[in-house]
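**Student:** Sharing protein.txt, compact mmCIF, C-alpha atoms and all ligand atoms:
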# COMPACT_ATOMS: atom_id res chain seq x y z
CA MET A 20 -47.04 -66.91 -62.30
CA ILE A 21 -46.96 -70.05 -64.43
CA GLU A 22 -45.48 -68.05 -67.31
CA GLN A 23 -42.80 -66.50 -65.10
CA MET A 24 -41.88 -69.40 -62.82
CA GLY A 25 -43.14 -72.44 -64.70
CA GLU A 26 -45.81 -74.92 -63.66
CA ASP A 27 -43.57 -77.08 -61.44
CA GLU A 28 -42.41 -74.14 -59.29
CA THR A 29 -45.99 -72.87 -59.06
CA LYS A 30 -47.18 -76.29 -57.91
CA ILE A 31 -44.57 -76.30 -55.15
CA ILE A 32 -46.00 -73.04 -53.79
CA LEU A 33 -49.58 -74.33 -54.09
CA SER A 34 -48.63 -77.53 -52.26
CA SER A 35 -47.65 -75.45 -49.20
CA PHE A 36 -51.30 -74.43 -48.73
CA SER A 37 -53.32 -76.07 -46.00
CA CYS A 38 -56.90 -75.43 -44.92
CA PRO A 39 -58.16 -78.01 -42.40
CA LEU A 40 -61.41 -76.07 -41.87
CA ASN A 41 -62.42 -76.51 -45.50
CA LYS A 42 -60.92 -79.33 -47.57
CA ASP A 43 -62.70 -78.12 -50.70
CA ILE A 44 -60.67 -74.89 -50.53
CA GLU A 45 -57.44 -76.85 -50.13
CA ASN A 46 -58.18 -79.45 -52.81
CA PHE A 47 -59.30 -76.88 -55.35
CA LEU A 48 -56.01 -75.02 -55.08
CA LYS A 49 -53.89 -78.15 -55.21
CA ASN A 50 -55.79 -80.09 -57.88
CA LYS A 51 -57.93 -77.76 -59.98
CA ALA A 52 -56.72 -74.14 -59.85
CA ILE A 53 -54.07 -74.47 -62.57
CA GLU A 54 -56.35 -76.39 -64.93
CA PHE A 55 -59.25 -73.96 -64.39
CA SER A 56 -56.91 -71.04 -64.97
CA LYS A 57 -55.55 -72.51 -68.21
CA ARG A 58 -59.08 -73.23 -69.46
CA THR A 59 -60.03 -69.67 -68.38
CA THR A 60 -62.94 -71.17 -66.41
CA ALA A 61 -61.84 -69.34 -63.24
CA LYS A 62 -58.75 -67.37 -62.29
CA THR A 63 -56.97 -67.89 -58.99
CA HIS A 64 -55.09 -65.12 -57.18
CA LEU A 65 -52.53 -65.92 -54.50
CA VAL A 66 -52.04 -63.46 -51.64
CA PHE A 67 -48.65 -62.94 -50.00
CA TRP A 68 -47.67 -61.10 -46.83
CA GLN A 69 -44.26 -59.45 -46.90
CA THR A 70 -42.03 -57.42 -44.62
CA ASP A 71 -41.56 -53.71 -45.42
CA ASP A 72 -38.05 -54.37 -46.74
CA ARG A 73 -39.53 -57.20 -48.89
CA LYS A 74 -36.91 -59.60 -47.51
CA TYR A 75 -39.45 -62.10 -46.24
CA LYS A 76 -42.74 -63.12 -47.72
CA GLU A 77 -45.32 -65.72 -46.86
CA PHE A 78 -48.21 -67.25 -48.79
CA VAL A 79 -51.20 -66.28 -46.63
CA GLY A 80 -54.30 -67.05 -48.68
CA TYR A 81 -56.01 -67.07 -52.04
CA TYR A 82 -59.23 -66.36 -53.86
CA THR A 83 -60.63 -67.44 -57.20
CA VAL A 84 -62.92 -65.41 -59.45
CA ALA A 85 -65.12 -66.63 -62.31
CA SER A 86 -67.39 -64.87 -64.79
CA LYS A 87 -71.05 -65.82 -64.15
CA VAL A 88 -74.64 -64.62 -64.00
CA ILE A 89 -77.11 -64.86 -61.11
CA THR A 90 -80.90 -65.15 -61.05
CA VAL A 91 -82.58 -63.41 -58.12
CA ASP A 92 -86.25 -63.61 -57.04
CA ARG A 93 -88.08 -60.26 -57.19
CA ASP A 94 -89.79 -61.15 -53.88
CA ILE A 95 -86.63 -60.87 -51.78
CA LEU A 96 -85.73 -57.43 -53.13
CA SER A 97 -86.64 -53.94 -51.95
CA ASN A 98 -87.84 -51.54 -54.66
CA THR A 99 -84.43 -49.84 -54.73
CA GLU A 100 -82.63 -53.15 -55.12
CA ALA A 101 -85.05 -54.28 -57.83
CA LYS A 102 -84.39 -51.07 -59.72
CA LYS A 103 -80.64 -51.68 -59.63
CA LEU A 104 -81.06 -55.23 -60.93
CA ARG A 105 -83.49 -54.06 -63.61
CA ASN A 106 -80.92 -51.57 -64.86
CA GLN A 107 -78.28 -54.26 -65.23
CA GLY A 108 -80.13 -57.35 -66.36
CA ILE A 109 -83.19 -59.07 -67.70
CA TYR A 110 -86.55 -59.49 -65.92
CA ASP A 111 -88.44 -62.74 -66.47
CA GLU A 112 -92.11 -61.84 -66.03
CA SER A 113 -93.39 -65.40 -65.70
CA ARG A 114 -90.84 -66.34 -63.01
CA HIS A 115 -90.56 -62.92 -61.33
CA THR A 116 -86.77 -63.12 -61.44
CA TYR A 117 -83.93 -60.88 -62.52
CA THR A 118 -80.88 -62.32 -64.23
CA VAL A 119 -77.79 -60.12 -64.06
CA PRO A 120 -74.08 -60.57 -64.80
CA ALA A 121 -72.24 -61.16 -61.52
CA PRO A 122 -68.69 -62.45 -61.12
CA LEU A 123 -68.43 -65.32 -58.63
CA ILE A 124 -65.88 -65.28 -55.84
CA ALA A 125 -65.62 -69.01 -56.22
CA GLN A 126 -63.01 -69.79 -53.55
CA LEU A 127 -61.56 -67.81 -50.66
CA GLY A 128 -59.40 -69.11 -47.85
CA LYS A 129 -56.49 -68.42 -45.54
CA ASN A 130 -53.39 -70.61 -45.54
CA TYR A 131 -53.21 -72.41 -42.19
CA SER A 132 -49.69 -73.82 -42.83
CA ASN A 133 -47.07 -72.65 -40.31
CA GLY A 134 -49.53 -70.22 -38.71
CA ASN A 135 -49.65 -68.09 -41.88
CA ASP A 136 -53.38 -67.55 -41.29
CA THR A 137 -52.44 -65.15 -38.46
CA LEU A 138 -50.74 -62.81 -40.97
CA ILE A 139 -54.02 -61.87 -42.69
CA SER A 140 -57.61 -61.38 -41.58
CA GLY A 141 -60.56 -62.84 -43.45
CA ALA A 142 -61.83 -59.28 -43.89
CA ASP A 143 -58.62 -58.23 -45.68
CA LEU A 144 -58.73 -61.31 -47.91
CA LEU A 145 -62.38 -60.71 -48.80
CA HIS A 146 -61.63 -57.01 -49.51
CA LEU A 147 -58.85 -58.01 -51.89
CA ALA A 148 -61.26 -60.29 -53.77
CA VAL A 149 -64.04 -57.69 -53.82
CA ASN A 150 -61.62 -54.95 -54.92
CA LYS A 151 -60.33 -57.12 -57.75
CA VAL A 152 -63.88 -57.58 -59.04
CA ARG A 153 -64.68 -53.87 -58.55
CA LYS A 154 -61.56 -52.91 -60.50
CA ILE A 155 -62.62 -55.07 -63.44
CA GLN A 156 -66.18 -53.72 -63.22
CA LYS A 157 -64.87 -50.15 -63.33
CA GLU A 158 -63.47 -51.00 -66.74
CA ILE A 159 -66.30 -53.07 -68.19
CA GLY A 160 -69.40 -52.15 -66.14
CA GLY A 161 -71.47 -54.13 -63.66
CA ARG A 162 -72.16 -53.72 -59.96
CA PHE A 163 -72.98 -57.20 -58.63
CA MET A 164 -70.89 -60.11 -57.43
CA TYR A 165 -71.73 -63.25 -55.53
CA LEU A 166 -70.31 -66.17 -53.61
CA GLU A 167 -71.47 -69.52 -52.30
CA CYS A 168 -70.78 -71.08 -48.91
CA GLU A 169 -71.71 -73.99 -46.70
CA ASP A 170 -74.73 -73.49 -44.46
CA ASN A 171 -72.50 -72.59 -41.54
CA GLU A 172 -73.41 -69.92 -39.00
CA LYS A 173 -69.88 -68.50 -38.77
CA LEU A 174 -69.32 -68.28 -42.51
CA LEU A 175 -72.73 -66.69 -43.05
CA ALA A 176 -72.07 -64.17 -40.24
CA PHE A 177 -68.73 -63.34 -41.86
CA TYR A 178 -70.16 -62.64 -45.32
CA THR A 179 -73.29 -60.82 -44.18
CA LYS A 180 -71.10 -58.55 -42.02
CA TYR A 181 -69.45 -57.42 -45.25
CA ASN A 182 -72.73 -56.64 -47.04
CA PHE A 183 -73.38 -59.93 -48.80
CA LYS A 184 -77.05 -60.88 -48.79
CA ILE A 185 -78.54 -64.37 -49.12
CA PHE A 186 -80.53 -64.83 -52.33
CA GLY A 187 -80.78 -68.58 -52.74
CA LYS A 188 -79.25 -71.98 -52.42
CA ARG A 189 -78.16 -74.59 -54.89
CA ALA A 190 -77.64 -78.36 -54.80
CA LEU A 191 -74.05 -79.56 -54.94
CA ASP A 192 -72.52 -80.70 -58.22
CA ARG A 193 -71.45 -84.33 -58.37
CA ASP A 194 -67.76 -83.44 -58.13
CA GLU A 195 -68.21 -81.24 -55.02
CA THR A 196 -67.49 -84.15 -52.70
CA ASP A 197 -65.42 -82.16 -50.16
CA VAL A 198 -68.25 -79.76 -49.34
CA LYS A 199 -70.12 -80.33 -46.07
CA GLY A 200 -73.92 -80.61 -46.38
CA GLU A 201 -76.07 -81.12 -49.47
CA TYR A 202 -76.35 -77.58 -50.76
CA LEU A 203 -74.58 -74.22 -50.83
CA ILE A 204 -76.03 -70.89 -49.71
CA GLN A 205 -75.70 -68.15 -52.34
CA LEU A 206 -75.06 -64.53 -51.34
CA TYR A 207 -74.73 -61.45 -53.51
CA ALA A 208 -73.43 -57.95 -52.98
CA MET A 209 -74.04 -54.81 -55.00
CA PHE A 210 -71.93 -51.70 -55.22
C1 LIG A 301 -63.56 -67.63 -43.95
C2 LIG A 301 -62.28 -66.99 -43.45
C3 LIG A 301 -61.54 -66.30 -44.61
C4 LIG A 301 -62.67 -65.94 -42.39
O1 LIG A 301 -61.49 -65.46 -41.77
P1 LIG A 301 -61.59 -64.57 -40.42
O2 LIG A 301 -62.63 -63.53 -40.57
O3 LIG A 301 -60.19 -64.08 -40.14
O4 LIG A 301 -62.15 -65.52 -39.32
P2 LIG A 301 -61.51 -66.76 -38.56
O5 LIG A 301 -60.56 -67.53 -39.41
O6 LIG A 301 -61.01 -66.30 -37.25
O7 LIG A 301 -62.81 -67.64 -38.38
C5 LIG A 301 -63.92 -67.19 -37.62
C6 LIG A 301 -64.63 -68.39 -37.03
O8 LIG A 301 -65.24 -69.14 -38.13
C7 LIG A 301 -64.81 -70.50 -38.08
N1 LIG A 301 -64.70 -70.99 -39.46
C8 LIG A 301 -63.98 -70.45 -40.48
N2 LIG A 301 -64.13 -71.18 -41.60
C9 LIG A 301 -64.97 -72.21 -41.26
C10 LIG A 301 -65.49 -73.31 -41.99
N3 LIG A 301 -65.20 -73.49 -43.30
N4 LIG A 301 -66.31 -74.16 -41.36
C11 LIG A 301 -66.60 -73.98 -40.05
N5 LIG A 301 -66.14 -72.96 -39.31
C12 LIG A 301 -65.33 -72.09 -39.91
C13 LIG A 301 -63.46 -70.44 -37.38
O9 LIG A 301 -63.15 -71.70 -36.79
C14 LIG A 301 -63.68 -69.37 -36.34
O10 LIG A 301 -64.39 -69.94 -35.25
P3 LIG A 301 -64.20 -69.38 -33.75
O11 LIG A 301 -64.80 -68.00 -33.77
O12 LIG A 301 -64.98 -70.34 -32.92
O13 LIG A 301 -62.74 -69.39 -33.48
C15 LIG A 301 -61.31 -68.02 -42.80
O14 LIG A 301 -61.91 -68.52 -41.63
C16 LIG A 301 -60.99 -69.19 -43.69
O15 LIG A 301 -60.08 -69.14 -44.49
N6 LIG A 301 -61.72 -70.33 -43.49
C17 LIG A 301 -61.43 -71.56 -44.18
C18 LIG A 301 -61.80 -71.48 -45.65
C19 LIG A 301 -63.28 -71.25 -45.86
O16 LIG A 301 -64.12 -71.93 -45.28
N7 LIG A 301 -63.58 -70.29 -46.73
C20 LIG A 301 -64.91 -69.92 -47.04
C21 LIG A 301 -65.36 -70.61 -48.27
S1 LIG A 301 -66.98 -70.09 -48.72
Go through the file and emit its structure as structure tokens.
**Tutor:**
Amino acid sequence: MIEQMGEDETKIILSSFSCPLNKDIENFLKNKAIEFSKRTTAKTHLVFWQTDDRKYKEFVGYYTVASKVITVDRDILSNTEAKKLRNQGIYDESRHTYTVPAPLIAQLGKNYSNGNDTLISGADLLHLAVNKVRKIQKEIGGRFMYLECEDNEKLLAFYTKYNFKIFGKRALDRDETDVKGEYLIQLYAMF
């Protein structure tokens, strides 16, 4: 997008994003997404709704994906799950943990500007993010992915409904000042 339209035009589109429910999601897109993308730390994908004749389109949400690994305690896994992690990663005998490659869905949010959030469901947005990761994994291998969210009943219900499973929590980084609470819950999914 930056290559085709230039950074200034791209920033104008990003500035039309609003997410009152989660300021971290809004601030990341407006202040960090371009830099992270250039540094290849994490890649952001914008989602647009459009009419069938493609005459009208609206910016309805975005997600960001980053290349990471996760470490999961053996104790929280069934034997079948443990086997799948063993096949993909490394087992640490002293810590009883598996470490496997797992892309991170680092950000995901609907655009609440002008009611654009009503043009997409969270489920559709999550499926787009999951499908993007699955598509890459079909090419390079891998079957895990994960995400992190605030310890919020509604967000946790949303992700667990779509087969993400809690495996841990982590303290906030110093620059994560827009996140509510003192830690993030980590959830993974396997395919
Ligand atoms: C998460 C999200 C994609 C889910 O979309 P959805 O399935 O269409 O669900 P809705 O937007 O209707 O939200 C469902 C409920 O969760 C609540 N909710 C959503 N995000 C929330 C947040 N960050 N904090 C607190 N509550 C939140 C909504 O207010 C709504 O509450 P209600 O049932 O009382 O009306 C969407 O709510 C969203 O973009 N939220 C803001 C960004 C965000 O927090 N992303 C998650 C980062 S981990």
**Student:** Can you measure atom CA of A:Asp111 to atom CA of A:Phe163 for me? One decimal in Å is fine.
**Tutor:** 18.2 Å
**Student:** Give me, as a PyMOL selection string, the set of residues whose atoms come within 10 Å of any atom of ligand LIG 301 (chain A), counting only C-alpha atoms and all ligand atoms.
**Tutor:** chain A and resi 37-45+79-82+124-131+136-145+166-178+180+198-199+203-205
**Student:** Can you measure atom CA of A:Tyr110 to atom CA of A:Ile89 for me? One decimal in Å is fine.
**Tutor:**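 Between atom CA of A:Tyr110 and atom CA of A:Ile89 the gap is 11.9 Å.
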**Student:** Taking only C-alpha atoms into account, name the residue in A:Asn150, A:Thr63, A:Gln107, A:Ser56 that is nearest to A:Val88.
**Tutor:** A:Gln107
**Student:** Any idea what the distance is between atom CA of A:Asp197 and atom CA of A:Asn46?
**Tutor:**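 Interatomic distance here is 8.2 Å.
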**Student:** Would you mind telling me which residue in A:His146, A:Leu123, A:Phe78, A:Leu33 lies nearest to A:Ala61 when using all atoms listed in the file?
**Tutor:**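 The answer is A:Leu123, which sits nearest to A:Ala61.
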**Student:** Using only C-alpha atoms, pick whichever of A:Arg162, A:Phe67, A:Lys49, A:Thr83 has the shortest atom-to-atom distance to A:Arg105.
**Tutor:** A:Arg162
**Student:** Padding of 4 Å on every side, edges along x, y and z, all listed atoms of stretch 37-40 of chain A included: what centre and edge lengths in Å, to one decimal, does that box have, as AutoDock Vina command-line options?
**Tutor:**
--center_x -57.4 --center_y -76.7 --center_z -43.9 --size_x 16.1 --size_y 10.6 --size_z 12.1
**Student:** Looking at A:Ala101, A:Thr29, A:Glu77, A:Lys62, which one is nearest to A:Ser132, with distances taken over all atoms listed in the file?
**Tutor:**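 Checking each of A:Ala101, A:Thr29, A:Glu77, A:Lys62 against A:Ser132, counting all atoms listed in the file, the winner is A:Glu77.
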**Student:** Restricting the calculation to all atoms listed in the file, which member of A:Gln23, A:Asn135, A:Asn50, A:Ser34 is positioned closest to A:Trp68?
**Tutor:**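 Of A:Gln23, A:Asn135, A:Asn50, A:Ser34, the one nearest A:Trp68, counting all atoms listed in the file, is A:Asn135.
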**Student:** Choose the residue, out of A:Thr59, A:Asn106, A:Gln69, A:Ser97, that has the smallest atom-to-atom separation from A:Val84; count all atoms listed in the file.
**Tutor:**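 Closest to A:Val84, using all atoms listed in the file: A:Thr59.
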